[in-house]
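Text of the file input.txt, holding compact mmCIF, C-alpha atoms (C1' of nucleotides):
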# COMPACT_ATOMS: atom_id res chain seq x y z
CA MET A 1 25.73 8.39 41.82
CA ALA A 2 22.04 7.71 41.84
CA ASP A 3 22.31 11.02 43.55
CA PRO A 4 24.65 12.65 41.15
CA ARG A 5 24.85 16.02 42.74
CA LEU A 6 28.46 15.88 43.84
CA THR A 7 29.52 15.15 40.29
CA PHE A 8 27.26 17.89 39.03
CA THR A 9 28.68 20.37 41.46
CA LEU A 10 32.16 19.45 40.33
CA HIS A 11 31.28 19.97 36.71
CA HIS A 12 29.61 23.22 37.44
CA LEU A 13 32.45 24.48 39.55
CA VAL A 14 35.01 23.65 36.92
CA ALA A 15 32.92 25.29 34.23
CA VAL A 16 32.52 28.49 36.21
CA LEU A 17 36.18 28.59 37.17
CA ASP A 18 37.28 28.07 33.59
CA ARG A 19 34.98 30.69 32.22
CA HIS A 20 36.07 33.18 34.80
CA ALA A 21 39.76 32.47 34.34
CA ASP A 22 39.34 32.66 30.61
CA ALA A 23 37.60 36.02 30.80
CA ILE A 24 40.33 37.42 33.03
CA LEU A 25 43.15 36.24 30.83
CA ARG A 26 41.50 37.47 27.67
CA ARG A 27 40.89 40.86 29.17
CA GLU A 28 44.26 41.32 30.85
CA LEU A 29 46.61 39.47 28.57
CA GLY A 30 44.77 38.70 25.36
CA MET A 31 45.25 35.01 25.87
CA THR A 32 43.06 32.01 26.38
CA TYR A 33 42.82 29.87 29.45
CA SER A 34 43.82 26.83 27.49
CA GLN A 35 46.83 28.65 26.11
CA PHE A 36 47.74 29.40 29.70
CA LEU A 37 47.38 25.73 30.59
CA PHE A 38 49.61 24.78 27.71
CA LEU A 39 52.36 27.16 28.80
CA VAL A 40 52.15 26.36 32.48
CA THR A 41 52.16 22.67 31.82
CA LEU A 42 55.19 22.98 29.63
CA GLU A 43 56.89 25.14 32.24
CA GLY A 44 56.54 22.29 34.66
CA ALA A 45 58.01 19.78 32.25
CA GLU A 46 60.48 21.56 30.06
CA GLY A 47 62.41 19.53 27.58
CA VAL A 48 59.75 16.85 27.20
CA ASP A 49 58.70 15.59 23.81
CA GLY A 50 55.28 16.07 22.27
CA THR A 51 53.95 12.74 23.41
CA THR A 52 54.80 13.47 27.02
CA LEU A 53 53.39 16.96 26.91
CA ALA A 54 50.18 15.52 25.48
CA ARG A 55 49.99 13.14 28.41
CA HIS A 56 50.55 15.98 30.87
CA LEU A 57 47.81 18.00 29.22
CA ASP A 58 45.57 14.95 29.14
CA VAL A 59 45.08 15.36 25.44
CA SER A 60 46.04 13.41 22.33
CA ARG A 61 49.39 13.68 20.57
CA ALA A 62 47.58 15.01 17.53
CA ALA A 63 46.10 17.86 19.54
CA VAL A 64 49.53 18.99 20.72
CA SER A 65 50.90 18.63 17.23
CA LYS A 66 48.20 20.91 15.87
CA ARG A 67 48.55 23.57 18.54
CA LEU A 68 52.32 23.84 18.59
CA PRO A 69 52.77 26.08 15.52
CA TRP A 70 50.66 28.77 17.17
CA PHE A 71 53.06 29.02 20.10
CA VAL A 72 56.14 28.74 17.95
CA GLU A 73 55.02 31.53 15.62
CA ARG A 74 54.60 33.81 18.61
CA ALA A 75 58.00 32.83 19.96
CA LEU A 76 56.55 31.45 23.18
CA VAL A 77 57.71 27.91 22.69
CA GLU A 78 60.78 26.53 21.01
CA VAL A 79 60.95 23.15 19.35
CA ARG A 80 64.40 21.61 19.25
CA ASP A 81 65.36 18.42 17.56
CA ASP A 82 66.48 15.72 19.87
CA PRO A 83 70.08 15.06 18.83
CA ARG A 84 69.75 11.44 19.91
CA HIS A 85 66.50 10.70 18.16
CA GLY A 86 65.64 11.90 14.69
CA ARG A 87 61.94 11.53 15.18
CA ARG A 88 61.54 13.03 18.60
CA THR A 89 61.47 16.73 19.41
CA ARG A 90 62.09 18.49 22.67
CA LEU A 91 59.91 21.41 23.74
CA PHE A 92 61.04 24.46 25.66
CA LEU A 93 59.55 27.75 26.72
CA THR A 94 61.27 30.83 25.39
CA ASP A 95 61.93 33.62 27.86
CA ALA A 96 58.86 35.38 26.56
CA GLY A 97 56.84 32.23 27.06
CA ARG A 98 58.03 31.79 30.60
CA THR A 99 57.34 35.41 31.43
CA LEU A 100 53.87 35.20 29.99
CA ALA A 101 53.09 32.01 31.87
CA ARG A 102 54.15 33.59 35.14
CA THR A 103 52.34 36.84 34.55
CA ALA A 104 49.20 34.93 33.74
CA ALA A 105 49.55 32.76 36.82
CA ASP A 106 49.98 35.84 39.00
CA THR A 107 47.01 37.52 37.40
CA LEU A 108 44.80 34.56 38.17
CA GLU A 109 46.18 34.30 41.66
CA ASP A 110 45.32 37.92 42.36
CA ALA A 111 41.91 37.68 40.82
CA LEU A 112 40.75 34.38 42.24
CA GLN A 113 42.71 32.44 44.72
CA ALA A 114 43.89 35.24 46.97
CA PRO A 115 40.36 36.65 47.37
CA ALA A 116 38.98 33.18 47.98
CA ARG A 117 41.48 32.52 50.73
CA SER A 118 40.65 35.72 52.45
CA ASP A 119 36.88 35.94 52.32
CA LEU A 120 35.68 32.42 51.87
CA ASP A 121 34.96 30.25 54.85
CA VAL A 122 36.40 27.10 53.33
CA ASP A 123 39.73 25.53 54.06
CA LEU A 124 41.11 25.32 50.57
CA ASP A 125 44.06 23.23 51.60
CA ALA A 126 41.89 20.66 53.29
CA LEU A 127 39.60 20.72 50.30
CA HIS A 128 42.53 20.10 48.05
CA ARG A 129 43.69 17.19 50.19
CA ASP A 130 40.27 15.59 49.99
CA LEU A 131 40.07 16.02 46.27
CA ASP A 132 43.48 14.52 45.91
CA ALA A 133 42.51 11.55 48.02
CA LEU A 134 39.42 11.05 45.92
CA LEU A 135 41.42 11.27 42.74
CA THR A 136 44.00 8.80 43.98
CA TRP A 137 41.32 6.38 45.09
CA LEU A 138 39.57 6.65 41.76
CA ARG A 139 42.70 5.91 39.84
CA ALA A 140 43.51 2.94 42.01
CA GLY A 141 39.99 1.62 41.53
CA LEU A 142 40.22 2.10 37.82
CA ASP A 143 43.44 0.20 37.47
CA ALA A 144 42.09 -2.59 39.61
CA GLY A 145 38.59 -3.04 38.26
CA ALA A 146 39.07 -2.11 34.65
CA HIS A 147 40.08 -5.14 32.66
CA ASP A 148 38.64 -3.77 29.49
CA ALA A 149 38.42 -0.05 30.15
CA PRO A 150 41.55 1.49 28.70
CA GLY A 151 41.69 5.17 29.65
CA ALA A 152 44.95 7.02 30.24
CA ASP A 153 47.90 5.16 31.58
CA ALA A 154 51.58 5.73 32.24
CA PRO A 155 51.82 7.01 35.81
CA ASP A 156 54.65 9.32 34.94
CA ASP A 157 54.00 12.53 36.81
CA ALA A 158 50.81 12.75 38.83
CA MET B 1 46.29 30.74 41.28
CA ALA B 2 49.98 31.36 40.92
CA ASP B 3 49.85 28.01 42.54
CA PRO B 4 47.28 26.49 40.31
CA ARG B 5 47.24 23.02 41.73
CA LEU B 6 43.77 23.10 43.22
CA THR B 7 42.35 24.02 39.85
CA PHE B 8 44.45 21.35 38.21
CA THR B 9 43.30 18.73 40.65
CA LEU B 10 39.71 19.71 39.96
CA HIS B 11 40.20 19.38 36.23
CA HIS B 12 41.93 16.10 36.63
CA LEU B 13 39.32 14.71 38.96
CA VAL B 14 36.50 15.67 36.66
CA ALA B 15 38.29 14.18 33.68
CA VAL B 16 38.89 10.88 35.45
CA LEU B 17 35.35 10.73 36.78
CA ASP B 18 33.88 11.42 33.37
CA ARG B 19 36.02 8.87 31.65
CA HIS B 20 35.20 6.27 34.20
CA ALA B 21 31.48 6.98 34.17
CA ASP B 22 31.51 6.97 30.41
CA ALA B 23 33.25 3.61 30.27
CA ILE B 24 30.77 2.08 32.70
CA LEU B 25 27.74 3.36 30.87
CA ARG B 26 29.04 2.28 27.49
CA ARG B 27 29.79 -1.16 28.76
CA GLU B 28 26.62 -1.71 30.76
CA LEU B 29 24.05 0.25 28.83
CA GLY B 30 25.55 1.17 25.49
CA MET B 31 25.11 4.83 26.21
CA THR B 32 27.37 7.79 26.63
CA TYR B 33 27.92 9.79 29.77
CA SER B 34 26.74 12.92 28.05
CA GLN B 35 23.59 11.16 26.93
CA PHE B 36 23.05 10.25 30.54
CA LEU B 37 23.52 13.87 31.56
CA PHE B 38 21.02 14.95 28.96
CA LEU B 39 18.38 12.52 30.23
CA VAL B 40 18.97 13.15 33.90
CA THR B 41 18.91 16.88 33.40
CA LEU B 42 15.67 16.65 31.52
CA GLU B 43 14.25 14.37 34.20
CA GLY B 44 14.84 17.13 36.69
CA ALA B 45 13.14 19.73 34.55
CA GLU B 46 10.47 18.03 32.55
CA GLY B 47 8.30 20.16 30.38
CA VAL B 48 10.89 22.87 29.83
CA ASP B 49 11.58 24.26 26.39
CA GLY B 50 14.83 23.83 24.50
CA THR B 51 16.27 27.13 25.63
CA THR B 52 15.79 26.27 29.27
CA LEU B 53 17.20 22.79 28.88
CA ALA B 54 20.23 24.28 27.18
CA ARG B 55 20.71 26.55 30.16
CA HIS B 56 20.41 23.62 32.56
CA LEU B 57 22.96 21.67 30.56
CA ASP B 58 25.19 24.73 30.36
CA VAL B 59 25.29 24.46 26.62
CA SER B 60 24.03 26.53 23.70
CA ARG B 61 20.51 26.33 22.28
CA ALA B 62 22.02 25.12 19.03
CA ALA B 63 23.68 22.19 20.76
CA VAL B 64 20.39 21.02 22.24
CA SER B 65 18.67 21.50 18.92
CA LYS B 66 21.21 19.29 17.21
CA ARG B 67 21.12 16.53 19.80
CA LEU B 68 17.37 16.25 20.21
CA PRO B 69 16.62 14.14 17.13
CA TRP B 70 18.88 11.39 18.43
CA PHE B 71 16.78 11.02 21.58
CA VAL B 72 13.49 11.38 19.77
CA GLU B 73 14.36 8.70 17.22
CA ARG B 74 15.08 6.31 20.06
CA ALA B 75 11.84 7.23 21.78
CA LEU B 76 13.62 8.44 24.90
CA VAL B 77 12.43 12.02 24.68
CA GLU B 78 9.20 13.44 23.40
CA VAL B 79 8.87 16.90 21.90
CA ARG B 80 5.43 18.42 22.22
CA ASP B 81 4.29 21.68 20.75
CA ASP B 82 3.42 24.27 23.28
CA PRO B 83 -0.25 24.97 22.66
CA ARG B 84 0.19 28.56 23.80
CA HIS B 85 3.24 29.38 21.76
CA GLY B 86 3.75 28.28 18.19
CA ARG B 87 7.48 28.65 18.30
CA ARG B 88 8.21 27.01 21.60
CA THR B 89 8.38 23.29 22.26
CA ARG B 90 8.09 21.41 25.51
CA LEU B 91 10.35 18.46 26.23
CA PHE B 92 9.43 15.32 28.13
CA LEU B 93 11.02 12.00 28.89
CA THR B 94 9.16 8.98 27.62
CA ASP B 95 8.75 6.08 30.01
CA ALA B 96 11.68 4.40 28.32
CA GLY B 97 13.74 7.53 28.75
CA ARG B 98 12.92 7.81 32.41
CA THR B 99 13.70 4.16 33.01
CA LEU B 100 16.99 4.44 31.21
CA ALA B 101 17.97 7.54 33.13
CA ARG B 102 17.26 5.81 36.42
CA THR B 103 18.98 2.60 35.50
CA ALA B 104 22.03 4.54 34.44
CA ALA B 105 22.01 6.56 37.64
CA ASP B 106 21.79 3.38 39.71
CA THR B 107 24.58 1.78 37.73
CA LEU B 108 26.87 4.71 38.40
CA GLU B 109 25.86 4.80 42.02
CA ASP B 110 26.78 1.16 42.44
CA ALA B 111 30.02 1.46 40.57
CA LEU B 112 31.33 4.68 42.01
CA GLN B 113 29.65 6.49 44.78
CA ALA B 114 28.74 3.58 47.00
CA PRO B 115 32.27 2.14 46.95
CA ALA B 116 33.71 5.59 47.56
CA ARG B 117 31.55 6.09 50.60
CA SER B 118 32.54 2.80 52.06
CA ASP B 119 36.26 2.61 51.51
CA LEU B 120 37.40 6.15 51.11
CA ASP B 121 38.43 8.15 54.10
CA VAL B 122 36.87 11.36 52.89
CA ASP B 123 33.64 12.90 54.07
CA LEU B 124 31.90 13.27 50.74
CA ASP B 125 29.07 15.32 52.20
CA ALA B 126 31.43 17.80 53.77
CA LEU B 127 33.38 17.89 50.55
CA HIS B 128 30.23 18.61 48.66
CA ARG B 129 29.32 21.41 51.05
CA ASP B 130 32.70 23.03 50.59
CA LEU B 131 32.51 22.79 46.84
CA ASP B 132 29.07 24.31 46.93
CA ALA B 133 30.28 27.16 49.07
CA LEU B 134 33.12 27.78 46.68
CA LEU B 135 30.79 27.72 43.73
CA THR B 136 28.37 30.11 45.36
CA TRP B 137 31.16 32.46 46.30
CA LEU B 138 32.55 32.38 42.80
CA ARG B 139 29.24 33.22 41.26
CA ALA B 140 28.67 36.08 43.65
CA GLY B 141 32.12 37.42 42.90
CA LEU B 142 31.52 37.16 39.20
CA ASP B 143 28.30 39.05 39.28
CA ALA B 144 29.83 41.73 41.45
CA GLY B 145 33.20 42.25 39.82
CA ALA B 146 32.40 41.52 36.23
CA HIS B 147 31.29 44.67 34.50
CA ASP B 148 32.46 43.44 31.18
CA ALA B 149 32.69 39.69 31.66
CA PRO B 150 29.44 38.23 30.39
CA GLY B 151 29.38 34.53 31.18
CA ALA B 152 26.20 32.63 31.96
CA ASP B 153 23.37 34.41 33.63
CA ALA B 154 19.75 33.78 34.54
CA PRO B 155 19.81 32.37 38.08
CA ASP B 156 16.91 30.10 37.37
CA ASP B 157 17.69 26.79 38.97
CA ALA B 158 21.03 26.42 40.63
C1' DC C 1 -4.70 47.98 16.61
C1' DC C 2 0.07 47.99 15.34
C1' DC C 3 4.49 47.63 15.22
C1' DA C 4 9.25 47.60 17.61
C1' DG C 5 11.56 44.44 20.06
C1' DA C 6 12.55 40.23 22.40
C1' DA C 7 12.54 35.12 22.48
C1' DT C 8 12.68 30.54 20.08
C1' DG C 9 14.47 26.97 17.19
C1' DT C 10 17.50 26.11 13.41
C1' DC C 11 21.23 26.67 10.05
C1' DA C 12 25.97 27.48 8.26
C1' DA C 13 30.55 28.18 9.31
C1' DC C 14 33.98 27.58 12.50
C1' DT C 15 36.90 25.45 16.54
C1' DA C 16 39.33 22.29 19.30
C1' DG C 17 39.34 18.06 20.30
C1' DT C 18 39.12 12.79 18.90
C1' DT C 19 40.56 8.18 16.44
C1' DG C 20 42.94 5.55 13.17
C1' DA C 21 46.34 5.32 9.64
C1' DC C 22 50.71 6.34 8.12
C1' DA C 23 55.91 7.02 7.32
C1' DT C 24 59.76 7.17 9.76
C1' DG C 25 63.09 6.33 13.26
C1' DC C 26 64.82 3.63 17.26
C1' DT C 27 65.60 -0.83 20.07
C1' DG C 28 66.53 -5.25 21.30
C1' DC C 29 66.25 -10.26 20.49
C1' DG C 30 67.95 -13.95 17.59
C1' DC D 1 73.88 -7.77 11.63
C1' DG D 2 68.85 -7.90 10.62
C1' DC D 3 64.60 -7.34 11.37
C1' DA D 4 60.08 -7.40 14.25
C1' DG D 5 58.04 -4.38 16.88
C1' DC D 6 57.32 -0.19 19.26
C1' DA D 7 57.35 4.95 19.65
C1' DT D 8 56.96 9.54 17.48
C1' DG D 9 54.89 13.22 14.89
C1' DT D 10 51.48 14.25 11.48
C1' DC D 11 47.47 13.81 8.50
C1' DA D 12 42.54 13.08 7.15
C1' DA D 13 38.08 12.37 8.62
C1' DC D 14 35.00 12.81 12.17
C1' DT D 15 32.53 14.79 16.56
C1' DA D 16 30.39 17.82 19.66
C1' DG D 17 30.52 21.99 20.84
C1' DT D 18 30.56 27.34 19.61
C1' DT D 19 28.90 32.00 17.48
C1' DG D 20 26.20 34.76 14.57
C1' DA D 21 22.45 35.11 11.40
C1' DC D 22 17.86 34.09 10.24
C1' DA D 23 12.64 33.45 9.95
C1' DT D 24 9.05 33.06 12.85
C1' DT D 25 6.28 33.91 16.80
C1' DC D 26 4.83 36.32 20.80
C1' DT D 27 4.48 40.75 23.75
C1' DG D 28 3.70 45.30 25.28
C1' DG D 29 3.66 50.34 24.90
C1' DG D 30 1.90 54.03 21.94

As C-alpha cells, please, write out the structure in this file.
Amino acid sequence: MADPRLTFTLHHLVAVLDRHADAILRRELGMTYSQFLFLVTLEGAEGVDGTTLARHLDVSRAAVSKRLPWFVERALVEVRDDPRHGRRTRLFLTDAGRTLARTAADTLEDALQAPARSDLDVDLDALHRDLDALLTWLRAGLDAGAHDAPGADAPDDA
Amino acid sequence: MADPRLTFTLHHLVAVLDRHADAILRRELGMTYSQFLFLVTLEGAEGVDGTTLARHLDVSRAAVSKRLPWFVERALVEVRDDPRHGRRTRLFLTDAGRTLARTAADTLEDALQAPARSDLDVDLDALHRDLDALLTWLRAGLDAGAHDAPGADAPDDA
DNA sequence: CCCAGAATGTCAACTAGTTGACATGCTGCG
DNA sequence: CGCAGCATGTCAACTAGTTGACATTCTGGG
C-alpha cells in the first residue's frame, strides 16, 4: 500500500454508492440508507438477539440498543422477550418492516444494479468473486498474524 | 440491488481493510489510519487551501478546520498564509510529516499489499481497473440522472 | 469606484457511532 | 446447591463527522 490507490478507489466507490443509495431512498421512500441496512440485515437474520444483530451490522451492541426504539415506534421491528432468557430479546420485522425492506431493495436494484449490469462493461459477478476472495484472504491473514490486534471475531455468518 | 451482496461485500471489505490498516499503524507508528489518510492526501496536493483539502478527503471544510491544529502542534503540517488572499491559507507537509506519511505507506505496503500480490489468486490490477470503471460509470450516471440529488461536485482531481 | 455576491475558515449545535462500566440474568464446575 | 464467570442490554462520556450561520475577504459588473 505504498501505492494506496486500490484502497482509495474502494473508499471512494463505497462513498459514492452510499451517497447515491441514500439520496434515492430518501427521495423515494423517505428513509435513510442505514435504516435500509438495518432492516435488510434483520430480514436476513430474523429472531436474533441484539448482540447478534450488532455483529451482523458490524456495529456495537450499544449502537443497536440506541437505534431500536426508532424502528419499534414506527412498527417496523418488533422486540419480543426470549421466554428462555430474561435478559435476552429476540428481534423480528413486522409485516410493514418486511415490505419496506423489500420495496427499498427493489428501488435500489432498479436504480443502480440493473442499469450497471446492462450498460457497464464490467463483469459484476467476477468482480464480486474477486472481492470475496480478497476479503476471505484478509480475514485469514488477520486471524493468523494478529496476536494482539483484536478486531471483530465470531465467524457466525459471513 | 435487490440482491445487495456486492454492495455488502464492498462495505465489509473496506471495513476490514480499515481496521487492519489502523491496527498496524497504531502498533508500528502510534498513528491512526485517518491521520495517515490526511497526510497522504495532503502529500498529493501540497499547497492547497483547506477547502480543497476537504474536497480531496471527501469531508467538510469544518472537519478539516477542526483537525488541523493536531497536525500543526506535532509539526507534521504547516499552515502558511496566502500572500494574495487574506482569508485563504495554504497547507504544506513539513519534512517530518512527509517522512511519516512515507513510512506509514511503506509499512502498509509491506503488511498488506505485497503479501496479497504474492499469495492471493486475484489480479489486483484488473480488480482495480474494474472498480475504477464502476466508479466512473456511477459518477457519470449521477451527474446525468440526478436533477435533485446534490452530492459532491467539482471534478477537480479524481 | 462601489457594492452585491461568492468563497474561506471557524463556531455552535447536532448525529451516529465508540468504549467502558454497570446491573442483571444464565451456565457449568466443584 | 452455590457461586465464579460470562453474556446481555443499557447508560454516560467521548469522538469525529455533519449542517447552517457567521464575519471576513476577495471579485466583477454597473

For this session: May I ask for the distance between CA of Arg90 (chain B) and CA of Gly47 (chain B), given in Å to one decimal place?
Result: 5.0 Å

Exercise. Can you list, as number ranges by chain, every protein, DNA or RNA residue that comes within 10 Å of Leu135 (chain B) when you count only C-alpha atoms (C1' of nucleotides), leaving out same-chain residues fewer than 6 positions away?
Worked result: A: 9-10, 12-14, 16-17; B: 129, 141

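A distance cut-off of 12 Å around (27.8, 28.7, 7.3), counting only C-alpha atoms (C1' of nucleotides), selects these protein and nucleic acid residues: DC11, DA12, DA13 and DC14 of chain C; DT19, DG20, DA21 and DC22 of chain D.
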
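Residue nearest chain D within the list B:Asp58, B:Glu46, B:Asp18, B:Glu78: B:Asp58 [criterion: smallest interatomic distance, all atoms listed in the file].
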
For this session: For chain C, list the residues within 10 Å of chain A, counting all atoms listed in the file, and write the list as a PyMOL selection string.
Result: chain C and resi 16-19+24-26

Problem set entry | Interface, chain D side, toward chain B (9 Å; all atoms listed in the file) as a VMD selection string | chain D and resid 16 to 18 24 to 26
